[in-house]
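As provided, target01.tsv (TSV, C-alpha atoms) reads as follows.
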```
chain	number	residue	atom	x	y	z
A	294	ASN	CA	31.17	17.56	7.69
A	295	ALA	CA	30.81	15.65	10.96
A	296	GLY	CA	27.22	14.45	10.45
A	297	VAL	CA	25.65	13.75	13.84
A	298	THR	CA	27.72	14.07	17.00
A	299	GLN	CA	26.76	12.99	20.50
A	300	THR	CA	28.37	13.66	23.87
A	301	PRO	CA	29.24	12.13	26.20
A	302	LYS	CA	30.09	8.67	24.85
A	303	PHE	CA	29.68	7.05	28.27
A	304	GLN	CA	28.01	8.25	31.48
A	305	VAL	CA	27.33	6.77	34.91
A	306	LEU	CA	24.73	8.44	37.11
A	307	LYS	CA	23.28	7.79	40.52
A	308	THR	CA	19.53	7.50	40.95
A	309	GLY	CA	17.99	10.95	41.19
A	310	GLN	CA	20.74	12.82	39.39
A	311	SER	CA	19.97	14.88	36.33
A	312	MET	CA	21.97	15.29	33.16
A	313	THR	CA	21.78	16.43	29.55
A	314	LEU	CA	22.78	14.32	26.56
A	315	GLN	CA	24.03	16.53	23.77
A	316	CYS	CA	23.31	16.04	20.07
A	317	ALA	CA	24.34	18.21	17.14
A	318	GLN	CA	24.05	17.87	13.37
A	319	ASP	CA	25.60	19.85	10.54
A	320	MET	CA	23.41	18.60	7.69
A	321	ASN	CA	20.79	21.35	8.06
A	322	HIS	CA	18.01	18.81	8.59
A	323	GLU	CA	14.80	20.13	10.07
A	324	TYR	CA	13.81	16.88	11.72
A	325	MET	CA	15.71	15.25	14.59
A	326	SER	CA	14.87	12.44	16.96
A	327	TRP	CA	16.02	10.63	20.08
A	328	TYR	CA	15.84	6.86	20.54
A	329	ARG	CA	16.81	4.45	23.25
A	330	GLN	CA	18.03	0.95	22.46
A	331	ASP	CA	17.61	-1.86	24.95
A	332	PRO	CA	18.39	-5.57	24.52
A	333	GLY	CA	15.44	-7.36	22.95
A	334	MET	CA	13.47	-4.14	22.57
A	335	GLY	CA	14.92	-2.59	19.44
A	336	LEU	CA	14.99	1.16	18.95
A	337	ARG	CA	12.20	3.11	20.62
A	338	LEU	CA	11.43	6.74	19.90
A	339	ILE	CA	11.61	9.05	22.93
A	340	HIS	CA	11.03	12.54	21.49
A	341	TYR	CA	11.33	14.17	18.12
A	342	SER	CA	11.43	17.64	16.62
A	343	VAL	CA	10.27	18.81	13.22
A	344	GLY	CA	12.09	22.12	13.45
A	345	ALA	CA	13.46	24.77	15.76
A	346	GLY	CA	10.96	25.47	18.54
A	347	ILE	CA	8.82	22.41	17.77
A	348	THR	CA	9.03	19.13	19.70
A	349	ASP	CA	6.72	16.20	20.29
A	350	GLN	CA	6.59	12.95	22.24
A	351	GLY	CA	7.42	9.56	20.86
A	352	GLU	CA	6.68	6.11	22.19
A	353	VAL	CA	8.54	6.35	25.54
A	354	PRO	CA	8.76	10.03	26.62
A	355	ASN	CA	8.32	9.74	30.39
A	356	GLY	CA	11.30	10.96	32.40
A	357	TYR	CA	12.81	12.89	29.50
A	358	ASN	CA	12.60	16.48	28.29
A	359	VAL	CA	13.79	18.02	25.04
A	360	SER	CA	14.08	21.46	23.52
A	361	ARG	CA	15.10	22.69	20.08
A	362	SER	CA	16.35	26.27	20.08
A	363	THR	CA	18.43	25.89	16.90
A	364	THR	CA	18.31	23.66	13.82
A	365	GLU	CA	21.68	22.16	14.77
A	366	ASP	CA	21.16	21.14	18.40
A	367	PHE	CA	18.69	18.80	20.06
A	368	PRO	CA	19.60	18.02	23.70
A	369	LEU	CA	17.87	15.34	25.76
A	370	ARG	CA	17.46	15.94	29.50
A	371	LEU	CA	16.99	13.32	32.16
A	372	LEU	CA	15.28	15.11	35.02
A	373	SER	CA	15.77	12.54	37.79
A	374	ALA	CA	17.59	9.47	36.59
A	375	ALA	CA	16.21	6.02	37.38
A	376	PRO	CA	17.81	2.57	36.87
A	377	SER	CA	15.15	1.89	34.20
A	378	GLN	CA	16.80	4.59	32.11
A	379	THR	CA	19.99	2.57	31.80
A	380	SER	CA	20.26	2.22	28.05
A	381	VAL	CA	22.07	3.29	24.91
A	382	TYR	CA	20.73	6.57	23.55
A	383	PHE	CA	20.90	7.50	19.88
A	384	CYS	CA	20.19	10.83	18.31
A	385	ALA	CA	19.24	10.92	14.64
A	386	SER	CA	18.99	13.62	12.03
A	387	VAL	CA	16.34	12.91	9.44
A	388	THR	CA	15.83	13.78	5.84
A	389	LEU	CA	12.57	13.43	3.95
A	390	VAL	CA	13.23	12.90	0.26
A	391	ALA	CA	10.30	11.92	-1.95
A	392	GLY	CA	8.52	10.57	1.12
A	393	ARG	CA	11.51	8.51	2.28
A	394	ASN	CA	12.19	9.02	5.98
A	395	GLU	CA	15.95	8.41	6.21
A	396	GLN	CA	17.72	8.61	9.53
A	397	PHE	CA	21.38	9.47	10.13
A	398	PHE	CA	22.41	8.29	13.58
A	399	GLY	CA	25.05	9.53	15.95
A	400	PRO	CA	27.47	7.13	17.68
A	401	GLY	CA	25.35	6.86	20.83
A	402	THR	CA	25.65	7.58	24.54
A	403	ARG	CA	25.88	4.60	26.86
A	404	LEU	CA	24.19	5.52	30.13
A	405	THR	CA	24.23	3.52	33.34
A	406	VAL	CA	22.07	4.58	36.27
A	407	LEU	CA	23.02	3.03	39.59
B	217	THR	CA	1.07	0.38	18.07
B	218	GLN	CA	2.32	-1.03	14.77
B	219	LEU	CA	4.44	-4.16	15.05
B	220	LEU	CA	7.29	-5.02	12.76
B	221	GLU	CA	8.58	-8.57	13.15
B	222	GLN	CA	12.08	-9.60	12.13
B	223	SER	CA	13.32	-13.16	11.77
B	224	PRO	CA	15.47	-14.87	12.64
B	225	GLN	CA	16.53	-13.06	15.78
B	226	PHE	CA	20.03	-14.59	15.68
B	227	LEU	CA	21.97	-16.13	12.81
B	228	SER	CA	25.44	-17.66	12.85
B	229	ILE	CA	26.89	-18.87	9.57
B	230	GLN	CA	30.20	-19.79	7.99
B	231	GLU	CA	31.99	-17.45	5.62
B	232	GLY	CA	30.83	-18.01	2.04
B	233	GLU	CA	27.30	-19.14	2.91
B	234	ASN	CA	24.15	-17.37	1.75
B	235	LEU	CA	21.44	-16.11	4.08
B	236	THR	CA	18.10	-14.34	4.10
B	237	VAL	CA	16.50	-12.30	6.85
B	238	TYR	CA	12.89	-11.24	6.91
B	239	CYS	CA	10.82	-8.28	8.03
B	240	ASN	CA	7.03	-8.60	8.28
B	241	SER	CA	4.04	-6.56	9.32
B	242	SER	CA	0.27	-6.88	9.13
B	243	SER	CA	0.06	-3.27	7.96
B	244	VAL	CA	1.09	-1.60	4.72
B	245	PHE	CA	4.29	0.41	4.59
B	246	SER	CA	4.68	3.58	2.59
B	247	SER	CA	8.43	3.01	2.70
B	248	LEU	CA	10.80	0.57	4.34
B	249	GLN	CA	14.48	0.78	5.21
B	250	TRP	CA	17.27	-1.56	6.21
B	251	TYR	CA	20.04	-0.47	8.56
B	252	ARG	CA	23.19	-2.21	9.75
B	253	GLN	CA	24.59	-1.56	13.19
B	254	GLU	CA	28.05	-2.61	14.32
B	255	PRO	CA	28.93	-3.00	18.02
B	256	GLY	CA	29.40	0.36	19.73
B	257	GLU	CA	28.10	2.34	16.76
B	258	GLY	CA	24.86	3.84	15.58
B	259	PRO	CA	22.77	2.23	12.82
B	260	VAL	CA	23.78	3.07	9.25
B	261	LEU	CA	21.22	3.22	6.46
B	262	LEU	CA	21.71	0.59	3.74
B	263	VAL	CA	18.68	1.05	1.51
B	264	THR	CA	15.18	2.48	1.22
B	265	VAL	CA	12.42	0.77	-0.78
B	266	VAL	CA	9.09	2.40	-1.60
B	267	THR	CA	7.49	0.48	-4.47
B	268	GLY	CA	5.79	-2.91	-4.08
B	269	GLY	CA	7.90	-5.62	-5.73
B	270	GLU	CA	10.97	-3.39	-5.79
B	271	VAL	CA	14.37	-5.10	-5.74
B	272	LYS	CA	17.57	-3.25	-4.92
B	273	LYS	CA	21.12	-4.56	-4.92
B	274	LEU	CA	24.06	-3.28	-2.94
B	275	LYS	CA	27.10	-5.39	-3.86
B	276	ARG	CA	26.36	-8.83	-2.30
B	277	LEU	CA	23.18	-7.61	-0.57
B	278	THR	CA	19.79	-7.90	-2.28
B	279	PHE	CA	16.75	-6.17	-0.80
B	280	GLN	CA	13.22	-6.99	-1.84
B	281	PHE	CA	9.96	-5.23	-0.99
B	282	GLY	CA	6.85	-7.39	-1.06
B	283	ASP	CA	4.20	-6.75	-3.70
B	284	ALA	CA	1.68	-5.78	-1.01
B	285	ARG	CA	4.26	-3.61	0.78
B	286	LYS	CA	3.78	-5.53	4.05
B	287	ASP	CA	7.07	-7.40	4.07
B	288	SER	CA	10.68	-7.21	2.99
B	289	SER	CA	13.70	-9.46	2.81
B	290	LEU	CA	17.46	-9.02	2.82
B	291	HIS	CA	19.55	-11.66	1.10
B	292	ILE	CA	23.33	-11.81	1.47
B	293	THR	CA	25.33	-13.84	-1.00
B	294	ALA	CA	28.66	-15.37	0.02
B	295	ALA	CA	28.70	-13.77	3.45
B	296	GLN	CA	31.95	-12.26	4.70
B	297	PRO	CA	33.09	-11.62	8.29
B	298	GLY	CA	32.67	-7.92	7.57
B	299	ASP	CA	28.92	-8.53	7.22
B	300	THR	CA	28.71	-9.30	10.93
B	301	GLY	CA	26.37	-6.94	12.74
B	302	LEU	CA	22.79	-6.18	13.72
B	303	TYR	CA	20.43	-5.75	10.77
B	304	LEU	CA	17.40	-3.59	11.47
B	305	CYS	CA	14.39	-2.97	9.31
B	306	ALA	CA	12.32	0.14	9.83
B	307	GLY	CA	9.13	1.24	8.20
B	308	THR	CA	6.89	4.20	7.74
B	309	TYR	CA	3.29	3.05	7.74
B	310	SER	CA	0.76	4.30	5.24
B	311	GLY	CA	-1.50	6.78	6.95
B	312	ALA	CA	1.00	7.61	9.68
B	313	GLY	CA	2.92	10.86	9.69
B	314	SER	CA	5.92	10.82	7.38
B	315	TYR	CA	8.20	11.27	10.37
B	316	GLN	CA	6.97	8.22	12.26
B	317	LEU	CA	9.42	5.36	11.80
B	318	THR	CA	8.91	1.98	13.48
B	319	PHE	CA	11.92	-0.29	13.98
B	320	GLY	CA	12.02	-4.05	14.21
B	321	LYS	CA	14.07	-5.66	16.96
B	322	GLY	CA	16.79	-6.74	14.57
B	323	THR	CA	18.62	-9.81	13.34
B	324	LYS	CA	22.04	-10.34	14.87
B	325	LEU	CA	24.31	-11.89	12.25
B	326	SER	CA	27.65	-13.51	12.97
B	327	VAL	CA	29.80	-14.66	10.05
B	328	ILE	CA	32.50	-17.06	11.16
B	329	PRO	CA	35.75	-17.06	9.17
```

Using structure tokens, write down the structure that the file contains.
Amino acid sequence: NAGVTQTPKFQVLKTGQSMTLQCAQDMNHEYMSWYRQDPGMGLRLIHYSVGAGITDQGEVPNGYNVSRSTTEDFPLRLLSAAPSQTSVYFCASVTLVAGRNEQFFGPGTRLTVL
Amino acid sequence: TQLLEQSPQFLSIQEGENLTVYCNSSSVFSSLQWYRQEPGEGPVLLVTVVTGGEVKKLKRLTFQFGDARKDSSLHITAAQPGDTGLYLCAGTYSGAGSYQLTFGKGTKLSVIP
């Protein structure tokens, strides 16, 4: 039982390049989310999904796309990378138990855009 | 946008000391969580509180939810170097969707041996 896995661990891109951050969970959770973490800004929600085929925008969605074709996978795509997207990205798998929204985070992807 | 304020932002203490960190909002939470994040890792859930006035203990950590469900505190007794990390509170606001979780900016704790 691996929990939440993310790849790659580190990535360096040039401005304008595109890439996909991978996220997978084996806990059979319906809800998954993507956050970015920047110094002094805390964790900010980018996109989330409440089940296969259903996604929605969070607080900072611009420049990112997501899709959810299976319960297990929730990739995040950067369409045209910008230096402002330099950040640490966390994927989370979420369980709702008696109204408690509990997040299980992956180890993160550290992205630098030059 | 709901705001969730954490204080202090940074805390450096000697091993064996006690400390308290705070999480405050002007709005009512339906539930509130505390996470700990170590360098290079993702946040790990420590506790969830849902009832006003609720107190939960996890070894040397004591979590309290305010009676009005607008604030919470984390108290660590006899801090150890292994307690070093970033402590994040996160809340689901009453009236918001159950999936909407707002994070504070965190308290960075350093425990010096």

Could I get the residues of chain B with an atom no further than 7 Å from an atom of chain A, each paired with its nearest atom pair and that distance in Å to one decimal, using only C-alpha atoms, sorted by chain and residue number, as CSV?
```
residue,atom,partner,partner_atom,distance
B:Ser247,CA,A:Arg393,CA,6.3
B:Glu257,CA,A:Pro400,CA,4.9
B:Gly258,CA,A:Pro400,CA,4.7
B:Pro259,CA,A:Phe398,CA,6.1
B:Val260,CA,A:Phe397,CA,6.9
B:Ser314,CA,A:Asn394,CA,6.7
B:Tyr315,CA,A:Asn394,CA,6.3
B:Phe319,CA,A:Leu336,CA,6.0
B:Gly320,CA,A:Gly335,CA,6.2
B:Lys321,CA,A:Gly335,CA,4.0
B:Gly322,CA,A:Gly335,CA,6.7
```

Worksheet item: If we count only C-alpha atoms, what is near Val359 in chain A at a cut-off of 8 Å, once residues fewer than 3 positions away on the same chain are taken out, given as a PyMOL selection string?
Response: chain A and resi 340+348+367-370

Go ahead and write the selection's residues with C-alpha atoms as a PDB file, in the frame of the given file.
```
ATOM      1  CA  HIS A 340      11.030  12.540  21.490  1.00  0.00           C
ATOM      2  CA  THR A 348       9.030  19.130  19.700  1.00  0.00           C
ATOM      3  CA  PHE A 367      18.690  18.800  20.060  1.00  0.00           C
ATOM      4  CA  PRO A 368      19.600  18.020  23.700  1.00  0.00           C
ATOM      5  CA  LEU A 369      17.870  15.340  25.760  1.00  0.00           C
ATOM      6  CA  ARG A 370      17.460  15.940  29.500  1.00  0.00           C
TER       7      ARG A 370
END
```

Which protein, DNA or RNA residues have an atom at most 9 Å from (28.6, 13.1, 25.5), counting all atoms listed in the file? List them as a short mmCIF file (atom, residue, chain, number, x, y, z; two decimals) with C-alpha atoms, in the coordinates of the input.
```cif
data_model
loop_
_atom_site.label_atom_id
_atom_site.label_comp_id
_atom_site.auth_asym_id
_atom_site.auth_seq_id
_atom_site.Cartn_x
_atom_site.Cartn_y
_atom_site.Cartn_z
CA THR A 298 27.72 14.07 17.00
CA GLN A 299 26.76 12.99 20.50
CA THR A 300 28.37 13.66 23.87
CA PRO A 301 29.24 12.13 26.20
CA LYS A 302 30.09 8.67 24.85
CA PHE A 303 29.68 7.05 28.27
CA GLN A 304 28.01 8.25 31.48
CA THR A 313 21.78 16.43 29.55
CA LEU A 314 22.78 14.32 26.56
CA GLN A 315 24.03 16.53 23.77
CA CYS A 316 23.31 16.04 20.07
CA GLY A 401 25.35 6.86 20.83
CA THR A 402 25.65 7.58 24.54
#
```

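For Gly268 in chain B, the non-local neighbours within 10 Å, defined as residues at least 2 positions apart in the same chain or in other chains and counting all atoms listed in the file, are Phe245, Ser246, Ser247, Val265, Val266, Glu270, Val271, Gln280, Phe281, Gly282, Asp283, Ala284, Arg285, Lys286, Asp287 and Ser288 of chain B.
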
Written selection (C-alpha atoms) as a PDB file, in the frame of the given file:
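Ended up saving to result22.pdb:
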```pdb
ATOM      1  CA  PHE B 245       4.290   0.410   4.590  1.00  0.00           C
ATOM      2  CA  SER B 246       4.680   3.580   2.590  1.00  0.00           C
ATOM      3  CA  SER B 247       8.430   3.010   2.700  1.00  0.00           C
ATOM      4  CA  VAL B 265      12.420   0.770  -0.780  1.00  0.00           C
ATOM      5  CA  VAL B 266       9.090   2.400  -1.600  1.00  0.00           C
ATOM      6  CA  GLU B 270      10.970  -3.390  -5.790  1.00  0.00           C
ATOM      7  CA  VAL B 271      14.370  -5.100  -5.740  1.00  0.00           C
ATOM      8  CA  GLN B 280      13.220  -6.990  -1.840  1.00  0.00           C
ATOM      9  CA  PHE B 281       9.960  -5.230  -0.990  1.00  0.00           C
ATOM     10  CA  GLY B 282       6.850  -7.390  -1.060  1.00  0.00           C
ATOM     11  CA  ASP B 283       4.200  -6.750  -3.700  1.00  0.00           C
ATOM     12  CA  ALA B 284       1.680  -5.780  -1.010  1.00  0.00           C
ATOM     13  CA  ARG B 285       4.260  -3.610   0.780  1.00  0.00           C
ATOM     14  CA  LYS B 286       3.780  -5.530   4.050  1.00  0.00           C
ATOM     15  CA  ASP B 287       7.070  -7.400   4.070  1.00  0.00           C
ATOM     16  CA  SER B 288      10.680  -7.210   2.990  1.00  0.00           C
TER      17      SER B 288
END
```

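Interatomic distance, CA of Met312 in chain A against CA of Gln378 in chain A: 11.9 Å.
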
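Excluding Tyr303 in chain B and any residue on its chain fewer than 6 positions from it, the residues at most 8 Å away by only C-alpha atoms are Trp250, Tyr251, Arg252, Gln253, Gly322, Thr323, Lys324 and Leu325 of chain B.
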
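Taking CA of His291 in chain B as the reference point, CA of Ile229 in chain B is found at 13.3 Å.
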
Fill in: Residues near Thr363 in chain A, cut-off 9 Å, only C-alpha atoms, skip fewer than 5 positions along chain, as a PyMOL selection string
chain A and resi 344-346

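Residue nearest Gln316 in chain B, chosen from B:Tyr238, B:Leu248, B:Pro297, B:Glu221 and counting all atoms listed in the file: B:Leu248.
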
Worksheet entry | Separation of CA of Ile292 in chain B from CA of Val263 in chain B, in Å and rounded to one decimal | 13.7 Å

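Across B:Ser243, B:Leu227, B:Thr264, B:Phe279, the tightest approach to Thr300 in chain B is made by B:Leu227 when counting only C-alpha atoms.
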
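The shortest atom-to-atom distance to Leu371 in chain A, with only C-alpha atoms taken into account, belongs to A:Ser311 out of A:Ser311, A:Gln350, A:Ser386, A:Asn321.
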